[in-house]
Amino acid sequence: MTHFAKLTFIFLTSLASSCALLPQQPPSQSQANSTPKVTKTHVPRVTSSFEKETLYDLLVAEFANKRERQDLALGYYQKQAHITKDAQVTARATQIAQQIGAQQAILDTSLLWIEIDPKSIHARVTATLQLLRYKQFDKALDQVEALLELSPTLNFEQLLRDTARADNDQRTNIISRLTKLTGSHPKNAQLWLVKAILENINNLMTDASHSINSALLINPSYTNAILINSSLLLKLGKHQEVLTYLETQSADHPLDRKLGIAYSKALANRKDHPKLTAQLKTLAKNFPNDATVLLATAQIAQSNNLTSVAKSHLYLMIKQNLRTVEAYSFLARIAVFEKNLDLAKEHLRNINPGVGYSTAQIQIATIQQQQGNIQAAQKTLRTARSLAPNDNTNFYLAEAELLTKNNQHQDSIKTLNLVLDKNPKAFNALYMRAMVYAELQQYDIMERDLRIVIKQQPDNSAALNALGYTLADQNDRLEEATNLIEKAYALSPNDPAIIDSLGWLKYRMGDNKTALALLKKAYILFQDQEIAAHLGELLWVTGNKGEAKTIWKNGLKATPKSRIIQETIERLTPSS
């Protein structure tokens, strides 16, 4: 064969989706607490000889890649990988496919890579991940079997995590394969753990317990195995045994944050607040510089009404300059919960321009509007627009919403028009303007705006629902309302607002039985004033007046100035 030229390629040794799975130490306490690190190894330059056509394709591919046309580069590399059967060309094709998420190409090139270089761990790991993605579990386990021989210290737990996506029959087959693999590799704790996870999903509790105990016999400090074991015990109803087990394990491994947090959650579930307080303080002491631990423990504390503990952990985060935006935001939520709105604003003002700034400023403005100071809210948002101009649209939308809540509907429309004048396709602004027109009972203009949104975004369930509900509420064009609301419901079947609309439509159409079931479901999901008004009305007209009064009373307790509930009561009970 006559060669035209020689071309030098330098390839990266680690591919994006497989580098964390490379050989490492057996799973241990430290492994469970950190993401496996990539081990970089030096690979010498390799010079390959290519035909003229191949050289041309590879040069075009590299130029395309430099110009961010990875799709074009992949086409050339994938073609030449099959022609040349060159391991480096195939590895490069795989790498580019991974960069652009070309899943089928990743599978194709990685399998070709294995054919060329059967001992390539990278190739087999990549192929395994892709085969699992496509639920080709048998073929994936063939690769795992080969990898066990090539690299027994590979991170098999992470590699095999997608086996949990299998259906019941597929899991049964995978368990059978894993049984054979654990027979030939009985000291691989990770295989036992994966087997236990799948057996647990299939409710093979005896087998799962045996598998997880086998993993723990091999490595008693295997954090994930300890956690799986505790979940198995919990599933078997052994609540006190779980608590004792986690207490012992967290005491034996005080620097294992996963175990410490798991023990905290177990104490929280048992409502053992004295021990929980002590455990949370221990974690803060052991991990004073770990934002993940401090934030998790603050959340556990607050959800168990241990507010002072939550605050102390959040203030520690701020003192240590750890994820301060999240800490200040959390402190602001606590202050709102405690009805200390001025303190909430103070916390939010500590969030400087950058990540989290826009959200914080909108929250400050919302609090100011709730305090009855709409001018201060507008000033906050206008100042924010000057400091974070990239978020101008969000600030305008927030201002419009606050003006609407303050019954300044015309000012809200003017604010939304500022957005739409610059960007007529700002569909969020168009939708919001439609809702303001609905408040003003200008339904023709509302429908016009919603029609524009639906034309451009036919699957916008909120817009479909809003238009359909309005038609149903006016008892007009009920067939059209049905089409709109049912399409919205098909798109978002768990949205309480849409369930409420469908229930209200059924009520308008005289199907009280279906309407009652839907409105009750919506109310369970979200005890909103409008849903309360609708459910109460249906209960009232169907003779359940006592239950209706209870629903209205609870609705007014949550929203004392609810116009829709008050109007419903006045309309149905004029003499009361």
# chains A, B, ... in the order shown; residues from 1 in each chain; ligands from 1
$ closest_atom_pairs --of "segment 243-362 of chain A" --to "segment 373-393 of chain A" --cutoff "7 Å" --atoms "only C-alpha atoms" --output "tab-separated table"
residue	atom	partner	partner_atom	distance
A:Pro353	CA	A:Ala388	CA	6.8
A:Gln361	CA	A:Leu381	CA	6.7
A:Ile362	CA	A:Leu381	CA	6.8
$ residues_around --residues "segment 237-251 of chain A" --least-positions-apart "2" --cutoff "10 Å" --atoms "only C-alpha atoms" --output "PyMOL selection string"
chain A and resi 220-221+223+226-227+229-235+253-267+269-270+279
$ write_last_selection --atoms "N, CA and C atoms" --output "short mmCIF file (atom, residue, chain, number, x, y, z; two decimals), in the first residue's frame"
data_model
loop_
_atom_site.label_atom_id
_atom_site.label_comp_id
_atom_site.auth_asym_id
_atom_site.auth_seq_id
_atom_site.Cartn_x
_atom_site.Cartn_y
_atom_site.Cartn_z
N PRO A 220 -16.57 -3.81 55.48
CA PRO A 220 -17.49 -3.31 56.52
C PRO A 220 -17.67 -1.79 56.50
N SER A 221 -16.74 -1.06 55.87
CA SER A 221 -16.81 0.41 55.83
C SER A 221 -17.43 0.94 54.54
N THR A 223 -19.76 2.59 52.63
CA THR A 223 -20.85 3.48 53.03
C THR A 223 -22.16 3.19 52.31
N ILE A 226 -23.82 0.18 53.63
CA ILE A 226 -24.43 0.44 54.95
C ILE A 226 -25.79 1.13 54.76
N LEU A 227 -25.84 2.09 53.85
CA LEU A 227 -27.09 2.82 53.62
C LEU A 227 -28.16 1.91 53.00
N ASN A 229 -28.31 -1.30 53.38
CA ASN A 229 -28.71 -2.22 54.44
C ASN A 229 -29.74 -1.57 55.36
N SER A 230 -29.53 -0.29 55.69
CA SER A 230 -30.48 0.40 56.56
C SER A 230 -31.84 0.55 55.88
N SER A 231 -31.83 0.81 54.57
CA SER A 231 -33.11 0.93 53.85
C SER A 231 -33.84 -0.41 53.78
N LEU A 232 -33.07 -1.49 53.67
CA LEU A 232 -33.70 -2.82 53.68
C LEU A 232 -34.35 -3.11 55.03
N LEU A 233 -33.63 -2.77 56.09
CA LEU A 233 -34.19 -2.97 57.44
C LEU A 233 -35.45 -2.14 57.63
N LEU A 234 -35.43 -0.92 57.11
CA LEU A 234 -36.60 -0.05 57.22
C LEU A 234 -37.77 -0.63 56.45
N LYS A 235 -37.50 -1.17 55.28
CA LYS A 235 -38.56 -1.76 54.46
C LYS A 235 -39.17 -2.98 55.15
N HIS A 253 -17.83 5.80 62.19
CA HIS A 253 -17.27 6.57 61.07
C HIS A 253 -17.71 8.03 61.20
N PRO A 254 -17.20 8.73 62.18
CA PRO A 254 -17.67 10.11 62.45
C PRO A 254 -17.38 11.09 61.33
N LEU A 255 -16.44 10.78 60.45
CA LEU A 255 -16.11 11.69 59.37
C LEU A 255 -16.76 11.28 58.05
N ASP A 256 -17.76 10.41 58.13
CA ASP A 256 -18.52 10.02 56.95
C ASP A 256 -19.81 10.83 56.95
N ARG A 257 -19.87 11.84 56.09
CA ARG A 257 -21.01 12.75 56.12
C ARG A 257 -22.31 12.07 55.69
N LYS A 258 -22.21 11.12 54.74
CA LYS A 258 -23.42 10.42 54.30
C LYS A 258 -24.09 9.68 55.46
N LEU A 259 -23.28 8.98 56.24
CA LEU A 259 -23.83 8.23 57.37
C LEU A 259 -24.38 9.18 58.43
N GLY A 260 -23.66 10.27 58.67
CA GLY A 260 -24.12 11.23 59.67
C GLY A 260 -25.45 11.84 59.30
N ILE A 261 -25.61 12.20 58.02
CA ILE A 261 -26.87 12.78 57.57
C ILE A 261 -27.99 11.74 57.58
N ALA A 262 -27.66 10.51 57.19
CA ALA A 262 -28.66 9.44 57.20
C ALA A 262 -29.17 9.19 58.62
N TYR A 263 -28.27 9.20 59.58
CA TYR A 263 -28.67 9.02 60.99
C TYR A 263 -29.55 10.18 61.44
N SER A 264 -29.21 11.40 61.01
CA SER A 264 -30.03 12.57 61.36
C SER A 264 -31.44 12.43 60.82
N LYS A 265 -31.56 11.98 59.57
CA LYS A 265 -32.88 11.81 58.96
C LYS A 265 -33.69 10.73 59.69
N ALA A 266 -33.00 9.67 60.11
CA ALA A 266 -33.68 8.61 60.85
C ALA A 266 -34.21 9.14 62.18
N LEU A 267 -33.42 9.95 62.87
CA LEU A 267 -33.86 10.57 64.13
C LEU A 267 -35.03 11.51 63.88
N ASN A 269 -37.25 11.26 61.49
CA ASN A 269 -38.44 10.44 61.22
C ASN A 269 -39.05 9.89 62.50
N ARG A 270 -38.20 9.65 63.49
CA ARG A 270 -38.68 9.12 64.77
C ARG A 270 -39.06 10.23 65.75
N GLN A 279 -27.09 15.36 67.37
CA GLN A 279 -26.45 14.83 66.17
C GLN A 279 -26.15 15.94 65.16
#
$ residues_around --residues "Gln370 of chain A" --least-positions-apart "2" --cutoff "12 Å" --atoms "only C-alpha atoms" --output "ChimeraX atom specification"
/A:336,339,341-342,363-368,372-377,402-403,405-406
$ closest_residue --among "A:Tyr134, A:Thr84, A:Lys521, A:Thr297" --to "Gln104 of chain A" --atoms "only C-alpha atoms"
A:Tyr134
$ select_by_dssp --residues "segment 157-226 of chain A" --states "alpha helix (DSSP H)" --output "CSV table (one decimal) with C-alpha atoms, in the first residue's frame"
chain,number,residue,atom,x,y,z
A,157,GLU,CA,-21.3,0.3,41.3
A,158,GLN,CA,-21.4,3.6,39.3
A,159,LEU,CA,-21.0,1.7,36.0
A,168,ASN,CA,-39.2,-6.6,36.3
A,169,ASP,CA,-38.3,-9.3,33.9
A,170,GLN,CA,-35.2,-7.7,32.7
A,171,ARG,CA,-34.1,-7.2,36.3
A,172,THR,CA,-34.7,-10.9,36.9
A,173,ASN,CA,-32.3,-11.7,34.1
A,174,ILE,CA,-29.7,-9.2,35.3
A,175,ILE,CA,-29.9,-10.6,38.8
A,176,SER,CA,-29.2,-14.1,37.3
A,177,ARG,CA,-26.2,-12.8,35.4
A,178,LEU,CA,-24.9,-11.0,38.6
A,179,THR,CA,-25.3,-14.2,40.5
A,180,LYS,CA,-22.9,-15.9,38.1
A,181,LEU,CA,-20.5,-12.9,38.3
A,182,THR,CA,-20.5,-12.8,42.1
A,183,GLY,CA,-19.8,-16.6,41.9
A,184,SER,CA,-16.7,-16.0,39.8
A,189,ALA,CA,-18.3,-5.9,47.0
A,190,GLN,CA,-19.7,-3.6,44.4
A,191,LEU,CA,-21.3,-6.5,42.4
A,192,TRP,CA,-23.0,-7.7,45.6
A,193,LEU,CA,-24.3,-4.2,46.2
A,194,VAL,CA,-25.8,-3.8,42.7
A,195,LYS,CA,-27.3,-7.2,43.0
A,196,ALA,CA,-28.9,-6.3,46.4
A,197,ILE,CA,-30.4,-3.1,44.9
A,198,LEU,CA,-32.0,-5.0,42.1
A,199,GLU,CA,-33.3,-7.7,44.4
A,200,ASN,CA,-34.7,-5.1,46.6
A,201,ILE,CA,-36.6,-3.5,43.7
A,205,MET,CA,-35.9,-9.3,50.4
A,206,THR,CA,-34.1,-12.5,51.7
A,207,ASP,CA,-31.8,-12.5,48.7
A,208,ALA,CA,-31.2,-8.7,49.0
A,209,SER,CA,-30.3,-9.0,52.6
A,210,HIS,CA,-27.9,-11.9,51.8
A,211,SER,CA,-26.3,-9.8,49.0
A,212,ILE,CA,-25.8,-6.7,51.0
A,213,ASN,CA,-24.4,-8.6,54.0
A,214,SER,CA,-21.9,-10.3,51.6
A,215,ALA,CA,-20.8,-6.8,50.4
A,216,LEU,CA,-20.4,-5.7,54.1
A,217,LEU,CA,-18.4,-8.8,55.0
A,218,ILE,CA,-16.0,-7.9,52.2
A,223,THR,CA,-20.8,3.5,53.0
A,224,ASN,CA,-23.3,2.8,50.2
A,225,ALA,CA,-23.7,-0.8,51.4
A,226,ILE,CA,-24.4,0.4,54.9
$ closest_residue --among "A:His534, A:Arg477, A:Lys557, A:Lys520" --to "Ile569 of chain A" --atoms "only C-alpha atoms"
A:His534
$ atom_distance --atom1 "atom CA of Leu430 of chain A" --atom2 "atom CA of Ile485 of chain A"
19.4 Å
$ residues_around --residues "segment 537-540 of chain A" --least-positions-apart "6" --cutoff "12 Å" --atoms "only C-alpha atoms" --output "PyMOL selection string"
chain A and resi 500+503-508+510-520+530-531+546-552+564-573
$ atom_distance --atom1 "atom CA of Gln441 of chain A" --atom2 "atom CA of Asn465 of chain A"
16.9 Å
$ closest_residue --among "A:Ala497, A:Ile452, A:Leu132, A:Val419" --to "Arg161 of chain A" --atoms "only C-alpha atoms"
A:Leu132
$ atom_distance --atom1 "atom CA of Thr470 of chain A" --atom2 "atom CA of Phe395 of chain A"
27.7 Å
